[in-house]
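What follows is my_file.txt (compact mmCIF, C-alpha atoms and all ligand atoms).
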```txt
# COMPACT_ATOMS: atom_id res chain seq x y z
CA MET A 1 -6.86 -17.12 50.41
CA ALA A 2 -8.60 -18.98 53.22
CA GLU A 3 -6.87 -16.99 55.95
CA TYR A 4 -8.60 -13.81 54.83
CA GLU A 5 -12.04 -13.17 56.13
CA GLU A 6 -13.14 -11.37 52.98
CA PRO A 7 -11.13 -12.54 49.96
CA SER A 8 -13.37 -10.53 47.66
CA ALA A 9 -15.81 -7.70 48.12
CA ALA A 10 -18.25 -9.75 46.09
CA ASP A 11 -18.43 -12.26 48.93
CA ARG A 12 -20.87 -9.98 50.68
CA PRO A 13 -24.24 -9.90 48.91
CA VAL A 14 -24.64 -6.25 49.86
CA ASN A 15 -21.72 -5.40 47.59
CA VAL A 16 -23.13 -7.19 44.57
CA ALA A 17 -25.48 -5.02 42.59
CA ASP A 18 -27.02 -7.77 40.51
CA PRO A 19 -26.72 -11.19 42.09
CA VAL A 20 -26.89 -14.00 39.54
CA LEU A 21 -27.76 -17.58 40.28
CA GLU A 22 -25.09 -20.06 39.27
CA ALA A 23 -27.68 -22.10 37.41
CA ASP A 24 -28.84 -19.11 35.39
CA LEU A 25 -25.27 -18.20 34.55
CA GLU A 26 -24.57 -21.75 33.45
CA ARG A 27 -27.63 -21.77 31.20
CA VAL A 28 -26.76 -18.48 29.51
CA LEU A 29 -23.08 -19.33 29.05
CA LYS A 30 -24.08 -22.49 27.25
CA ASP A 31 -25.38 -20.46 24.30
CA VAL A 32 -22.96 -17.55 24.35
CA PRO A 33 -20.01 -19.15 22.47
CA ARG A 34 -22.23 -20.30 19.64
CA GLY A 35 -23.52 -16.77 19.03
CA ALA A 36 -20.05 -15.26 19.36
CA LEU A 37 -18.62 -17.80 16.93
CA ALA A 38 -21.37 -17.06 14.42
CA LEU A 39 -20.79 -13.31 14.71
CA CYS A 40 -16.99 -13.57 14.43
CA GLY A 41 -17.31 -16.11 11.66
CA ILE A 42 -19.50 -13.84 9.55
CA ALA A 43 -17.22 -10.84 10.20
CA VAL A 44 -14.05 -12.73 9.25
CA LEU A 45 -15.71 -14.35 6.23
CA LEU A 46 -16.84 -10.94 4.93
CA MET A 47 -13.35 -9.53 5.50
CA LEU A 48 -11.78 -12.44 3.63
CA LEU A 49 -14.22 -11.99 0.73
CA ALA A 50 -13.51 -8.22 0.67
CA TRP A 51 -9.76 -8.87 0.59
CA LEU A 52 -10.14 -11.37 -2.28
CA ALA A 53 -12.37 -8.92 -4.17
CA VAL A 54 -9.80 -6.12 -3.87
CA TYR A 55 -6.89 -8.41 -4.72
CA PHE A 56 -8.47 -9.97 -7.84
CA GLY A 57 -10.73 -7.07 -8.77
CA VAL A 58 -8.39 -4.11 -8.27
CA PHE A 59 -4.78 -5.02 -7.47
CA LEU A 60 -4.08 -7.63 -10.16
CA PRO A 61 -5.96 -5.86 -13.03
CA ARG A 62 -3.86 -2.72 -12.41
CA GLY A 63 -0.91 -4.62 -13.75
CA PRO A 64 2.40 -5.66 -12.27
CA ILE A 65 5.06 -3.29 -11.02
CA SER A 66 8.64 -4.19 -10.30
CA MET B 67 -19.56 -24.34 30.17
CA ASN B 68 -16.38 -25.51 31.81
CA GLU B 69 -12.78 -24.48 31.20
CA GLN B 70 -12.15 -27.35 28.81
CA GLU B 71 -15.01 -26.33 26.57
CA ILE B 72 -13.90 -22.70 26.56
CA LEU B 73 -10.41 -23.78 25.55
CA LYS B 74 -11.83 -25.98 22.82
CA THR B 75 -13.88 -23.07 21.46
CA GLU B 76 -10.85 -20.80 21.48
CA LEU B 77 -8.71 -23.37 19.69
CA ARG B 78 -11.42 -23.91 17.10
CA TRP B 79 -11.57 -20.15 16.51
CA SER B 80 -7.78 -19.98 16.24
CA ALA B 81 -7.96 -22.63 13.52
CA ILE B 82 -10.58 -20.60 11.62
CA VAL B 83 -8.46 -17.43 11.81
CA ALA B 84 -5.31 -19.33 10.81
CA GLY B 85 -7.28 -20.76 7.90
CA ALA B 86 -8.35 -17.27 6.76
CA ILE B 87 -4.75 -16.02 6.93
CA GLY B 88 -3.62 -19.20 5.19
CA VAL B 89 -6.02 -18.56 2.28
CA ILE B 90 -4.58 -15.04 1.85
CA VAL B 91 -0.97 -16.24 2.02
CA VAL B 92 -1.62 -19.08 -0.44
CA VAL B 93 -3.35 -16.71 -2.89
CA ILE B 94 -0.44 -14.23 -2.70
CA VAL B 95 2.24 -16.92 -3.08
CA ILE B 96 0.55 -18.74 -5.98
CA SER B 97 -0.37 -15.58 -7.91
CA SER B 98 3.07 -14.03 -7.33
CA ALA B 99 4.82 -17.17 -8.55
CA ALA B 100 2.48 -17.69 -11.51
CA MET B 101 2.60 -14.05 -12.67
CA VAL B 102 6.22 -13.42 -11.63
CA LEU B 103 5.18 -10.54 -9.37
CA HIS B 104 7.73 -9.02 -7.08
CA PRO B 105 7.72 -5.70 -5.30
CA PRO B 106 10.10 -2.98 -6.51
CA SER B 107 13.42 -3.14 -4.74
CA ASN B 108 16.30 -0.94 -5.68
CA ILE B 109 19.04 -0.02 -3.27
CA GLU B 110 20.96 2.68 -5.06
CA PRO B 111 22.69 5.41 -3.09
CA ILE B 112 22.96 8.97 -4.37
CA ASP B 113 24.45 12.09 -2.79
CA PRO B 114 21.42 14.30 -1.97
CA THR B 115 23.58 17.40 -1.52
CA SER B 116 24.83 17.45 -5.11
CA LEU B 117 22.14 15.72 -7.17
CA HIS B 118 20.91 19.04 -8.60
CA ARG B 119 24.42 19.95 -9.78
CA GLU B 120 25.74 16.71 -11.26
CA GLY B 121 24.57 13.30 -12.41
CA GLU B 122 21.32 12.15 -13.94
CA PHE B 123 19.05 14.35 -11.78
CA VAL B 124 20.27 17.72 -13.07
CA GLU B 125 17.35 19.86 -14.26
CA ALA B 126 18.06 19.41 -17.99
CA ASN B 127 17.89 15.63 -17.62
CA LEU B 128 14.54 15.45 -15.77
CA GLY B 129 11.29 14.24 -17.32
CA SER B 130 10.55 11.58 -19.93
CA ILE B 131 13.10 10.15 -22.33
CA GLU B 132 12.78 7.25 -24.77
CA ASN B 133 15.51 4.64 -24.55
CA PRO B 134 17.01 2.91 -27.62
CA ASP B 135 15.04 -0.27 -26.78
CA GLY B 136 11.73 1.67 -26.89
CA SER B 137 11.20 1.74 -23.14
CA ILE B 138 10.76 5.07 -21.36
CA THR B 139 12.75 6.42 -18.43
CA VAL B 140 11.15 9.15 -16.31
CA ARG B 141 13.32 11.06 -13.86
CA ILE B 142 11.57 13.13 -11.21
CA VAL B 143 12.99 15.13 -8.32
CA ALA B 144 10.72 15.32 -5.29
CA THR B 145 11.49 18.48 -3.33
CA GLN B 146 9.77 20.75 -0.84
CA PHE B 147 7.13 21.38 -2.18
CA ALA B 148 6.89 20.15 -5.76
CA PHE B 149 7.67 17.34 -8.10
CA LEU B 150 9.94 18.41 -10.94
CA PRO B 151 8.72 18.33 -13.63
CA ARG B 152 5.10 18.90 -12.65
CA CYS B 153 3.84 16.82 -15.55
CA VAL B 154 5.44 13.96 -17.47
CA PRO B 155 4.09 12.35 -20.64
CA VAL B 156 4.48 8.61 -21.25
CA PRO B 157 3.14 6.42 -24.07
CA VAL B 158 0.63 3.59 -23.46
CA ASN B 159 1.70 -0.05 -23.39
CA ARG B 160 5.41 0.56 -23.08
CA ARG B 161 7.71 -0.30 -20.23
CA VAL B 162 8.21 2.83 -18.14
CA VAL B 163 11.00 3.10 -15.58
CA PHE B 164 10.41 5.79 -12.96
CA ARG B 165 13.43 7.08 -11.10
CA PHE B 166 12.93 9.41 -8.14
CA ALA B 167 15.36 11.29 -5.91
CA THR B 168 15.10 14.05 -3.31
CA PRO B 169 17.59 16.65 -2.13
CA ASP B 170 15.79 17.48 1.12
CA VAL B 171 13.42 15.35 3.22
CA ILE B 172 11.50 12.09 2.89
CA HIS B 173 8.69 12.27 0.36
CA GLY B 174 6.39 9.58 -0.97
CA LEU B 175 4.18 9.23 -3.99
CA LEU B 176 1.63 7.09 -5.71
CA ILE B 177 0.34 7.17 -9.25
CA SER B 178 -3.42 7.03 -8.88
CA GLY B 179 -5.19 4.12 -10.51
CA THR B 180 -1.98 2.08 -10.64
CA ASN B 181 0.05 -0.01 -8.22
CA VAL B 182 2.96 2.45 -8.31
CA ASN B 183 3.56 3.58 -4.74
CA THR B 184 6.96 4.38 -3.28
CA MET B 185 8.85 6.44 -0.77
CA VAL B 186 11.52 8.89 -1.90
CA VAL B 187 14.25 8.96 0.72
CA PRO B 188 17.22 11.36 0.71
CA GLY B 189 20.35 9.46 -0.22
CA TYR B 190 18.65 6.85 -2.37
CA VAL B 191 17.16 6.54 -5.85
CA SER B 192 13.67 5.02 -5.82
CA GLN B 193 12.91 3.06 -8.95
CA VAL B 194 9.61 1.54 -10.12
CA ASN B 195 8.89 -0.21 -13.43
CA THR B 196 5.38 -0.34 -14.83
CA VAL B 197 3.23 -0.31 -17.97
CA PHE B 198 0.21 1.95 -18.50
CA PRO B 199 -2.50 0.09 -20.45
CA GLU B 200 -4.87 3.09 -20.71
CA PRO B 201 -4.30 6.67 -21.88
CA GLY B 202 -5.27 9.56 -19.61
CA ASP B 203 -3.97 11.79 -16.83
CA ARG B 204 -2.89 10.14 -13.58
CA PHE B 205 -2.74 12.26 -10.47
CA VAL B 206 0.50 11.90 -8.48
CA PRO B 207 0.24 13.30 -4.95
CA CYS B 208 3.00 13.38 -2.35
CA HIS B 209 1.78 11.00 0.34
CA GLU B 210 4.48 11.47 2.97
CA TYR B 211 4.06 14.59 5.07
CA CYS B 212 7.07 16.73 4.17
CA GLY B 213 6.25 20.16 5.58
CA ILE B 214 3.86 23.08 5.40
CA GLY B 215 3.41 22.92 1.60
CA HIS B 216 2.86 19.16 1.48
CA GLY B 217 -0.79 19.48 0.46
CA GLY B 218 0.14 21.36 -2.70
CA MET B 219 2.82 18.90 -3.75
CA TRP B 220 1.61 16.88 -6.70
CA SER B 221 2.40 16.01 -10.27
CA ILE B 222 0.70 14.43 -13.27
CA VAL B 223 1.63 11.42 -15.36
CA ARG B 224 0.02 12.01 -18.77
CA VAL B 225 -0.43 8.68 -20.55
CA VAL B 226 -0.70 9.42 -24.28
CA SER B 227 -1.48 7.23 -27.28
CA GLU B 228 1.31 5.92 -29.47
CA GLU B 229 0.49 8.63 -32.10
CA GLU B 230 0.63 11.41 -29.53
CA TRP B 231 3.99 10.22 -28.26
CA GLN B 232 6.30 12.43 -30.33
CA PRO B 233 9.68 12.82 -28.68
CA ASP B 234 12.26 15.23 -30.09
CA SER B 235 15.51 14.13 -31.69
CA ASN B 236 16.98 13.47 -28.24
CA GLY B 237 14.09 11.18 -27.36
CA ARG B 238 12.67 13.69 -24.89
CA MET B 239 9.11 14.90 -24.57
CA THR B 240 7.41 17.33 -22.21
CA CYS B 241 3.74 17.96 -21.44
CA GLU B 242 3.62 21.09 -23.62
CA PHE B 243 2.15 19.56 -26.75
CA PRO B 244 -1.01 20.32 -28.77
CA HIS B 245 -4.02 18.13 -27.96
CU CU C 1 6.51 15.94 -0.28
```

Will you turn the file into structure tokens for me?
Ligand SMILES: [Cu+2]
Amino acid sequence: MAEYEEPSAADRPVNVADPVLEADLERVLKDVPRGALALCGIAVLLMLLAWLAVYFGVFLPRGPIS
Amino acid sequence: MNEQEILKTELRWSAIVAGAIGVIVVVIVISSAAMVLHPPSNIEPIDPTSLHREGEFVEANLGSIENPDGSITVRIVATQFAFLPRCVPVPVNRRVVFRFATPDVIHGLLISGTNVNTMVVPGYVSQVNTVFPEPGDRFVPCHEYCGIGHGGMWSIVRVVSEEEWQPDSNGRMTCEFPH
């Protein structure tokens, strides 16, 4: 990549609409995974509970088929 | 947050997802083994071009019939665009064997409020065993798009009490009975 004068358009500040300081980015990214994990965790937990509710509350009481 | 930490987070999430799937699989395996549940499977070929002329799916043999062992066999032809017969009576708390065949295209059906749900494929007999614990009418729609009249293709399974189940001398009963 070094042989190119402009490996990325983002190398020129004029092309970057919203320049972000590395330090700021670092600080924000520190907390992002925790929030994402909490959100995904709640979503998956609710889905698992809904599946169990349908399986034990609807599917099994309807009786077996074969 | 460096690459290593991102990878660690992803792996941790993978473990959580695998755990959720594992819970579902374990529940299905244990309950299936404990309650001897297994999905209907019946590979039984039939000639779709002649099923209305010969064999068990001729018109006179359709509908509900009581077997010598007390179980009920119900034969239904799924055709564009009706189930024949349009209503079948069955008694509560008896083993019911449904047998379906089609002379034309792929149909599908479910019996509402139960776990009965099957495709009806030309060339094969679909068979489902079940027991109805409650009396009442169960709506049976065609759930596989089969043509322009698909939306009007439905039938009824009428679950009747043991007293109302009054088959004729041949063991047959139709839905035309006094309430
Ligand atoms: Cu149909």

If you count all atoms listed in the file, which residues end up within 10 Å of ligand CU 1 (chain C), as an mmCIF file with C-alpha atoms, keeping the file's coordinate frame?
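Written out: pocket_27.cif:
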```cif
data_model
loop_
_atom_site.group_PDB
_atom_site.id
_atom_site.type_symbol
_atom_site.label_atom_id
_atom_site.label_comp_id
_atom_site.auth_asym_id
_atom_site.auth_seq_id
_atom_site.Cartn_x
_atom_site.Cartn_y
_atom_site.Cartn_z
ATOM 1 C CA ALA B 144 10.720 15.320 -5.290
ATOM 2 C CA THR B 145 11.490 18.480 -3.330
ATOM 3 C CA GLN B 146 9.770 20.750 -0.840
ATOM 4 C CA PHE B 147 7.130 21.380 -2.180
ATOM 5 C CA ALA B 148 6.890 20.150 -5.760
ATOM 6 C CA PHE B 149 7.670 17.340 -8.100
ATOM 7 C CA THR B 168 15.100 14.050 -3.310
ATOM 8 C CA ASP B 170 15.790 17.480 1.120
ATOM 9 C CA VAL B 171 13.420 15.350 3.220
ATOM 10 C CA ILE B 172 11.500 12.090 2.890
ATOM 11 C CA HIS B 173 8.690 12.270 0.360
ATOM 12 C CA GLY B 174 6.390 9.580 -0.970
ATOM 13 C CA LEU B 175 4.180 9.230 -3.990
ATOM 14 C CA MET B 185 8.850 6.440 -0.770
ATOM 15 C CA VAL B 186 11.520 8.890 -1.900
ATOM 16 C CA PRO B 207 0.240 13.300 -4.950
ATOM 17 C CA CYS B 208 3.000 13.380 -2.350
ATOM 18 C CA HIS B 209 1.780 11.000 0.340
ATOM 19 C CA GLU B 210 4.480 11.470 2.970
ATOM 20 C CA TYR B 211 4.060 14.590 5.070
ATOM 21 C CA CYS B 212 7.070 16.730 4.170
ATOM 22 C CA GLY B 213 6.250 20.160 5.580
ATOM 23 C CA ILE B 214 3.860 23.080 5.400
ATOM 24 C CA GLY B 215 3.410 22.920 1.600
ATOM 25 C CA HIS B 216 2.860 19.160 1.480
ATOM 26 C CA GLY B 217 -0.790 19.480 0.460
ATOM 27 C CA GLY B 218 0.140 21.360 -2.700
ATOM 28 C CA MET B 219 2.820 18.900 -3.750
ATOM 29 C CA TRP B 220 1.610 16.880 -6.700
#
```

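Distances here use only C-alpha atoms; by that measure, the residue among A:Ala38, A:Leu21, A:Leu29, A:Val16 closest to chain B is A:Leu29.
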
Determine, counting only C-alpha atoms, which protein, DNA and RNA residues have an atom within 10 Å of an atom of Thr240 of chain B; residues of the same chain fewer than 2 positions away are not included. Present the result as a PyMOL selection string. chain B and resi 128-131+151-156+224+231-234+238+242-243

Report as a VMD selection string the set of chain B residues whose atoms approach chain A to within 9 Å, with distances computed over all atoms listed in the file. chain B and resid 67 72 75 79 82 to 83 86 to 87 89 to 90 93 to 94 101 to 107 179 to 182 193 to 199

Excluding Thr139 of chain B and its own-chain neighbours fewer than 4 positions away, which residues fall within 8 Å of it when counting only C-alpha atoms? Please give them as a count of residues only. 8

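Of note, atom CA of Ala167 of chain B and atom CA of Thr184 of chain B are spaced 11.2 Å apart.
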
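The space separating atom CA of Lys74 of chain B from atom CA of Leu46 of chain A comes to 23.9 Å.
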
For a cutoff of 10 Å around the file-coordinate point (17.9, 9.8, -10.4), which residues qualify once you count only C-alpha atoms? I'd like the result as a PyMOL selection string. chain B and resi 110-112+117-118+121-124+127-128+140-143+164-168+190-193

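One finds atom CA of Val158 of chain B at 10.0 Å from atom CA of Glu229 of chain B.
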
Within 12 Å of (-9.2, 9.1, -11.5), in the coordinates the file gives, what residues turn up when you count all atoms listed in the file, written out as a short mmCIF file (atom, residue, chain, number, x, y, z; two decimals) with C-alpha atoms, keeping the file's coordinate frame?
```cif
data_model
loop_
_atom_site.label_atom_id
_atom_site.label_comp_id
_atom_site.auth_asym_id
_atom_site.auth_seq_id
_atom_site.Cartn_x
_atom_site.Cartn_y
_atom_site.Cartn_z
CA ILE B 177 0.34 7.17 -9.25
CA SER B 178 -3.42 7.03 -8.88
CA GLY B 179 -5.19 4.12 -10.51
CA THR B 180 -1.98 2.08 -10.64
CA GLU B 200 -4.87 3.09 -20.71
CA PRO B 201 -4.30 6.67 -21.88
CA GLY B 202 -5.27 9.56 -19.61
CA ASP B 203 -3.97 11.79 -16.83
CA ARG B 204 -2.89 10.14 -13.58
CA PHE B 205 -2.74 12.26 -10.47
CA VAL B 206 0.50 11.90 -8.48
CA ILE B 222 0.70 14.43 -13.27
CA VAL B 223 1.63 11.42 -15.36
#
```

Using the file's own x, y and z axes, so that the box edges lie along x, y and z, what centre and edge lengths in Å (one decimal) does a box around every listed atom of segment 71-76 of chain B get when 4 Å is added on each side? Give it as AutoDock Vina command-line options.
```
--center_x -12.7 --center_y -23.6 --center_z 24.0 --size_x 12.6 --size_y 13.5 --size_z 13.1
```
